[in-house]
Amino acid sequence: MAINTTPPPAIATLVPDSEGHGTVLRIVYAHHLDGESLALQLFHRYVHRLQAGTRLPDEITRAEAMALLGAQGADCAEGWHSSANEPTEEASDEAWQWVRAQVTRLFPGLSWKVEPDRRMNIPGVDDDKVADIVIRARPLTSDVTRSATMFDPALTYYADGTHVVMRARATERSGHTFGMAEGAASYAFQAVRWDDGGADLVAPHVLHRIDSQAQDGVA
């Protein structure tokens, strides 16, 4: 049984922009995390710090964990989805053991795995990541555009084999598409096999067809 099949509706409130530029929509929503899925959220934030040479703290507080989840939710709401080269197996193993310890310490009553058939893709730890994405992704013989919703703009998913570039803040990475897969977000993800190795499910907001970059850059 999936733990987010029937999430409650989000609550929307019009509020002034914090910098006085206008009115924005404050969205408050709820979703469910078990221990494993919470650990995965922490893993993605901390593993690249470890690989970059920043030592992991001995412990984090519950407030720090909640602030991190809030920042990730805000990034998703704005369409920002960062990615980086996959960490080394050594960094992944150390980070994964660390986040598991943090989650079990901070939330001792939390069930670790509510969905027994779920497979987590841990970069550098799960060697079946690409194969798992291939299983999940639905092939696309042509481009597909989904209409805009209250939360997302119109989103385009590119046909299999399309050369794309992901741009998210300071990150740029190119690859080829091989389908789309539904996830816990309000939109589906595009499956991309990276030119420099590996694969990911990527938010469509940050993907661009490479052969149209010049047109996209014209004011």
# chains A, B, ... in the order shown; residues from 1 in each chain; ligands from 1

call {"tool": "residues_around", "arguments": {"residues": "segment 133-139 of chain A", "least_positions_apart": "6", "cutoff": "6 Å", "atoms": "only C-alpha atoms", "output": "PyMOL selection string"}}
result
chain A and resi 179-181

call {"tool": "closest_residue", "arguments": {"among": "A:Ser37, A:Thr13, A:Ser174, A:Thr156", "to": "Trp96 of chain A", "atoms": "only C-alpha atoms"}}
result
A:Ser37

call {"tool": "closest_residue", "arguments": {"among": "A:Leu14, A:Ala95, A:Ile27, A:Met166", "to": "Asp58 of chain A", "atoms": "only C-alpha atoms"}}
result
A:Ala95

call {"tool": "residues_around", "arguments": {"residues": "segment 103-110 of chain A", "least_positions_apart": "5", "cutoff": "12 Å", "atoms": "only C-alpha atoms", "output": "PyMOL selection string"}}
result
chain A and resi 32-43+58-66+96-98

call {"tool": "atom_distance", "arguments": {"atom1": "atom CA of Gly20 of chain A", "atom2": "atom CA of Pro153 of chain A"}}
result
24.0 Å

call {"tool": "atom_distance", "arguments": {"atom1": "atom CA of His48 of chain A", "atom2": "atom CA of His163 of chain A"}}
result
26.2 Å

call {"tool": "select_by_dssp", "arguments": {"residues": "segment 7-210 of chain A", "states": "alpha helix (DSSP H)", "output": "PyMOL selection string"}}
result
chain A and resi 35-51+62-77+89-106+129-136

call {"tool": "closest_residue", "arguments": {"among": "A:Arg167, A:His176, A:Arg193, A:Arg45", "to": "His208 of chain A", "atoms": "only C-alpha atoms"}}
result
A:Arg167

call {"tool": "atom_distance", "arguments": {"atom1": "atom CA of Phe189 of chain A", "atom2": "atom CA of His205 of chain A"}}
result
9.5 Å

call {"tool": "closest_residue", "arguments": {"among": "A:Asp195, A:Asp160, A:Asp143, A:Glu94", "to": "Phe178 of chain A", "atoms": "only C-alpha atoms"}}
result
A:Asp160

call {"tool": "closest_residue", "arguments": {"among": "A:Leu69, A:Ala52, A:Ala74, A:Val192", "to": "Arg26 of chain A", "atoms": "only C-alpha atoms"}}
result
A:Ala74
